[in-house]
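Undergrad: Following this line is my_file27.txt, made up of compact mmCIF, C-alpha atoms:
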```txt
# COMPACT_ATOMS: atom_id res chain seq x y z
CA MET A 1435 138.31 6.13 134.99
CA ALA A 1436 134.74 6.93 136.04
CA LYS A 1437 131.42 5.65 134.77
CA ILE A 1438 129.38 8.84 134.25
CA VAL A 1439 125.76 9.50 133.35
CA ILE A 1440 124.86 12.97 132.10
CA LEU A 1441 121.27 13.77 133.04
CA VAL A 1442 119.74 16.36 130.71
CA GLY A 1443 116.88 18.67 131.59
CA THR A 1444 116.00 20.78 128.56
CA GLU A 1445 113.16 22.57 126.84
CA SER A 1446 114.93 24.32 123.95
CA GLY A 1447 117.93 22.02 123.44
CA ASN A 1448 120.70 24.14 124.98
CA ALA A 1449 121.30 21.73 127.87
CA GLN A 1450 121.38 18.84 125.38
CA MET A 1451 124.02 20.69 123.34
CA VAL A 1452 126.11 21.13 126.50
CA ALA A 1453 125.70 17.46 127.46
CA ASP A 1454 126.76 16.25 124.02
CA ALA A 1455 129.88 18.42 124.07
CA LEU A 1456 130.76 17.22 127.59
CA LYS A 1457 130.26 13.58 126.63
CA ASP A 1458 132.90 13.91 123.91
CA GLU A 1459 135.26 15.82 126.22
CA LEU A 1460 134.97 13.36 129.12
CA GLU A 1461 135.26 10.31 126.86
CA GLY A 1462 138.43 11.88 125.46
CA HIS A 1463 139.86 11.60 128.97
CA GLY A 1464 139.01 7.91 129.19
CA HIS A 1465 135.73 8.06 131.09
CA SER A 1466 132.72 5.93 130.18
CA VAL A 1467 129.87 8.39 129.52
CA SER A 1468 126.20 8.01 128.69
CA VAL A 1469 123.71 10.82 128.14
CA THR A 1470 119.99 10.64 128.83
CA ASP A 1471 117.11 13.07 128.71
CA ARG A 1472 114.68 10.39 129.90
CA ALA A 1473 115.77 9.65 133.49
CA GLN A 1474 112.76 9.08 135.74
CA SER A 1475 114.04 7.30 138.88
CA ALA A 1476 117.07 6.39 140.95
CA ALA A 1477 117.32 3.23 138.82
CA ASP A 1478 118.39 5.46 135.93
CA VAL A 1479 121.55 6.47 137.80
CA ALA A 1480 122.22 3.04 139.28
CA GLY A 1481 125.46 1.49 138.10
CA HIS A 1482 127.10 4.88 137.58
CA GLU A 1483 129.71 6.35 139.88
CA VAL A 1484 129.02 9.93 138.85
CA ALA A 1485 126.03 11.91 137.61
CA LEU A 1486 126.49 15.21 135.83
CA ILE A 1487 123.26 17.19 135.72
CA CYS A 1488 122.89 19.62 132.79
CA CYS A 1489 119.64 21.44 133.41
CA SER A 1490 118.04 24.52 132.00
CA THR A 1491 115.31 26.59 133.64
CA HIS A 1492 112.06 27.64 132.04
CA GLY A 1493 108.88 29.43 133.00
CA ASN A 1494 108.96 30.76 136.54
CA GLY A 1495 112.07 28.87 137.60
CA ASP A 1496 110.68 25.51 136.60
CA ILE A 1497 112.50 22.24 136.00
CA PRO A 1498 112.13 21.12 132.37
CA SER A 1499 109.33 18.63 131.81
CA ASN A 1500 111.61 15.83 130.57
CA ILE A 1501 113.46 15.63 133.91
CA LEU A 1502 110.64 16.76 136.21
CA GLY A 1503 109.56 13.16 136.89
CA LEU A 1504 113.05 12.32 138.16
CA ALA A 1505 113.11 15.38 140.40
CA GLU A 1506 109.67 14.64 141.85
CA ARG A 1507 110.40 10.96 142.42
CA LEU A 1508 113.77 11.60 144.11
CA ASP A 1509 112.31 14.41 146.20
CA GLY A 1510 109.38 12.28 147.29
CA GLU A 1511 111.12 8.95 147.85
CA LYS A 1512 114.52 10.21 149.07
CA PRO A 1513 116.45 7.12 147.90
CA ASP A 1514 119.93 6.57 149.31
CA LEU A 1515 122.31 8.06 146.73
CA SER A 1516 125.30 8.23 149.08
CA ALA A 1517 127.40 6.10 146.73
CA LEU A 1518 126.89 8.63 143.93
CA ARG A 1519 129.05 11.67 143.25
CA TYR A 1520 127.55 14.43 141.14
CA GLY A 1521 128.07 17.79 139.50
CA VAL A 1522 125.64 20.41 138.22
CA ILE A 1523 125.60 22.71 135.23
CA ALA A 1524 122.61 25.03 135.48
CA LEU A 1525 121.48 27.13 132.53
CA GLY A 1526 119.35 30.21 132.92
CA ASP A 1527 118.67 33.77 131.90
CA GLN A 1528 119.84 36.50 134.28
CA THR A 1529 117.00 38.80 133.19
CA TYR A 1530 114.86 36.52 135.37
CA SER A 1531 116.98 37.35 138.41
CA GLU A 1532 114.63 35.91 141.02
CA THR A 1533 114.56 32.49 139.35
CA PHE A 1534 117.96 32.44 137.65
CA CYS A 1535 119.15 28.82 137.15
CA PHE A 1536 116.44 27.48 139.49
CA GLY A 1537 116.07 24.24 137.52
CA GLY A 1538 119.68 23.26 138.19
CA LYS A 1539 119.61 24.66 141.71
CA LYS A 1540 116.53 22.59 142.58
CA LEU A 1541 118.08 19.38 141.23
CA ASP A 1542 121.31 20.16 143.11
CA ALA A 1543 119.35 20.40 146.37
CA ILE A 1544 117.39 17.21 145.63
CA PHE A 1545 120.52 15.14 144.92
CA ALA A 1546 122.18 16.49 148.07
CA ALA A 1547 119.08 15.65 150.15
CA CYS A 1548 119.35 12.06 148.88
CA GLY A 1549 122.94 11.86 150.16
CA ALA A 1550 124.81 12.20 146.85
CA ARG A 1551 128.19 13.91 147.22
CA LYS A 1552 128.77 16.99 145.07
CA LEU A 1553 132.03 17.37 143.20
CA GLY A 1554 133.12 20.99 142.85
CA GLU A 1555 130.93 24.03 142.53
CA ARG A 1556 127.79 24.29 140.45
CA LEU A 1557 128.34 26.06 137.13
CA GLU A 1558 125.65 28.64 136.35
CA ILE A 1559 125.54 29.74 132.73
CA ASP A 1560 123.72 32.96 131.81
CA ALA A 1561 122.15 32.92 128.35
CA CYS A 1562 122.40 36.73 128.23
CA THR A 1563 126.19 36.77 128.46
CA GLN A 1564 127.05 33.37 127.01
CA PRO A 1565 125.30 32.64 123.71
CA LEU A 1566 127.31 29.40 123.34
CA PRO A 1567 126.87 27.62 126.69
CA ASP A 1568 128.88 24.59 125.62
CA GLU A 1569 132.08 26.67 125.50
CA GLU A 1570 131.75 27.77 129.14
CA ALA A 1571 130.78 24.25 130.20
CA LEU A 1572 133.80 22.72 128.45
CA GLN A 1573 136.11 25.12 130.27
CA TRP A 1574 134.48 24.29 133.63
CA SER A 1575 134.62 20.55 132.91
CA LYS A 1576 138.42 20.56 132.75
CA GLU A 1577 138.69 21.44 136.46
CA TRP A 1578 135.65 19.36 137.41
CA ALA A 1579 137.06 16.25 135.72
CA GLU A 1580 140.18 16.50 137.90
CA LEU A 1581 137.94 15.83 140.92
CA LEU A 1582 136.78 12.46 139.56
```
Here is a file; write its structure as C-alpha cells.
TA:
Amino acid sequence: MAKIVILVGTESGNAQMVADALKDELEGHGHSVSVTDRAQSAADVAGHEVALICCSTHGNGDIPSNILGLAERLDGEKPDLSALRYGVIALGDQTYSETFCFGGKKLDAIFAACGARKLGERLEIDACTQPLPDEEALQWSKEWAELL
C-alpha cells in the first residue's frame, strides 16, 4: 500500500472537503494518508510515495494563498521530485472559461517540471455543474487508486 500526502489548496473550503473525503476513501483501501493545507516546500512531500493535489482556483486563475508558497518554491528551485508519483484534482468555475481550474493546472505543470510522474488524468470539477465536488472526486479516485 502507498504512503500518500494530499496537498490542499483552498480559499473557501471545497478542496478541503474533497481531500477529507478522499483521505477516508484511500485509507479504506489500506493506504497511509495524511492531509495538509500548509505545505511550503519539497520537504513537505518527502517520505511520501504519492502526492494528490486537491486545488481550487480563485481570482483570475490564481493558486490559493495557502499553497502558493509551495508552488512558488517548487517553480523557482525545481527540486528533483522524480521519485514522487502524483495526481491532481482541480476545482474551478466554468463561467470563468479562460481561467477554469488554473490553480490545479498550474500545480500540475510545476510538479511535472520537477520530474514527478503523474498517475492518470487530472480531474477538473466544475462548481457550476457539480455542487458537491467530493462525490465526483470519490468516483474518480476509484480508478486513480488502481494506478497506485
Undergrad: Skip segment 1449-1460 of chain A itself and residues of its chain fewer than 5 positions away, then list as a compact mmCIF listing (two decimals) with C-alpha atoms, in the coordinates of the input all residues within 7 Å of it, counting all atoms listed in the file.
TA:
```txt
# COMPACT_ATOMS: atom_id res chain seq x y z
CA ILE A 1440 124.86 12.97 132.10
CA VAL A 1442 119.74 16.36 130.71
CA GLY A 1443 116.88 18.67 131.59
CA THR A 1444 116.00 20.78 128.56
CA HIS A 1465 135.73 8.06 131.09
CA VAL A 1467 129.87 8.39 129.52
CA VAL A 1469 123.71 10.82 128.14
CA CYS A 1488 122.89 19.62 132.79
CA CYS A 1489 119.64 21.44 133.41
CA SER A 1490 118.04 24.52 132.00
CA PRO A 1567 126.87 27.62 126.69
CA ASP A 1568 128.88 24.59 125.62
CA ALA A 1571 130.78 24.25 130.20
CA LEU A 1572 133.80 22.72 128.45
```
Undergrad: Is it possible to get the residues within 7 Å of (130.6, 24.8, 136.2) (coordinates as in the file, counting all atoms listed in the file) written as a ChimeraX atom specification?
TA: /A:1522-1523,1555-1558,1571,1574-1575
Undergrad: Go through A:Leu1504, A:Leu1581, A:Ala1543, A:Ala1550 and flag the residue nearest Tyr1520 of chain A, using only C-alpha atoms for the distances.
TA: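 Looking only at the distances to Tyr1520 of chain A, the closest residue turns out to be A:Ala1550.
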Undergrad: Put a box with edges along x, y and z around all the listed atoms of segment 1503-1511 of chain A, pad it by 6 Å on each side, then give me its centre and sizes in Å, one decimal, as JSON.
TA:
```
{"center_x": 111.6, "center_y": 12.2, "center_z": 142.4, "size_x": 16.4, "size_y": 18.4, "size_z": 23.0}
```
Undergrad: So that I can see what lies close to Gly1481 of chain A, please list as a list in words the residues with an atom at most 9 Å from it, counting all atoms listed in the file and leaving out residues fewer than 3 positions away in the same chain.
TA: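 Neighbouring residues, sequence-local ones excluded: Lys1437, Ala1477 and Asp1478 of chain A.
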Undergrad: Which residue gives the smallest distance to Gly1464 of chain A among A:Ile1438, A:Lys1512, A:Glu1532, A:Gly1549, with all atoms listed in the file counted?
TA: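 Looking only at the distances to Gly1464 of chain A, the closest residue turns out to be A:Ile1438.
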Undergrad: One decimal, in Å: what's the spacing between atom CA of Asp1471 of chain A and atom CA of Pro1513 of chain A?
TA: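 Taking atom CA of Asp1471 of chain A and atom CA of Pro1513 of chain A, their separation equals 20.1 Å.
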Undergrad: Which value, in Å to one decimal, gives the distance between atom CA of Leu1582 of chain A and atom CA of Ala1436 of chain A?
TA: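 Atom CA of Ala1436 of chain A lies at a distance of 6.9 Å from atom CA of Leu1582 of chain A.
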Undergrad: Could you check the closest approach to Val1484 of chain A for each of A:Phe1545, A:Gly1462, A:Leu1518, A:Ile1501 and tell me which residue wins, using all atoms listed in the file?
TA: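 Selected residue with least distance to Val1484 of chain A: A:Leu1518.
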Undergrad: Kindly give the distance, in Å, that separates atom CA of Gly1503 of chain A and atom CA of Gln1474 of chain A, rounded to a single decimal.
TA: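 It comes out at 5.3 Å.
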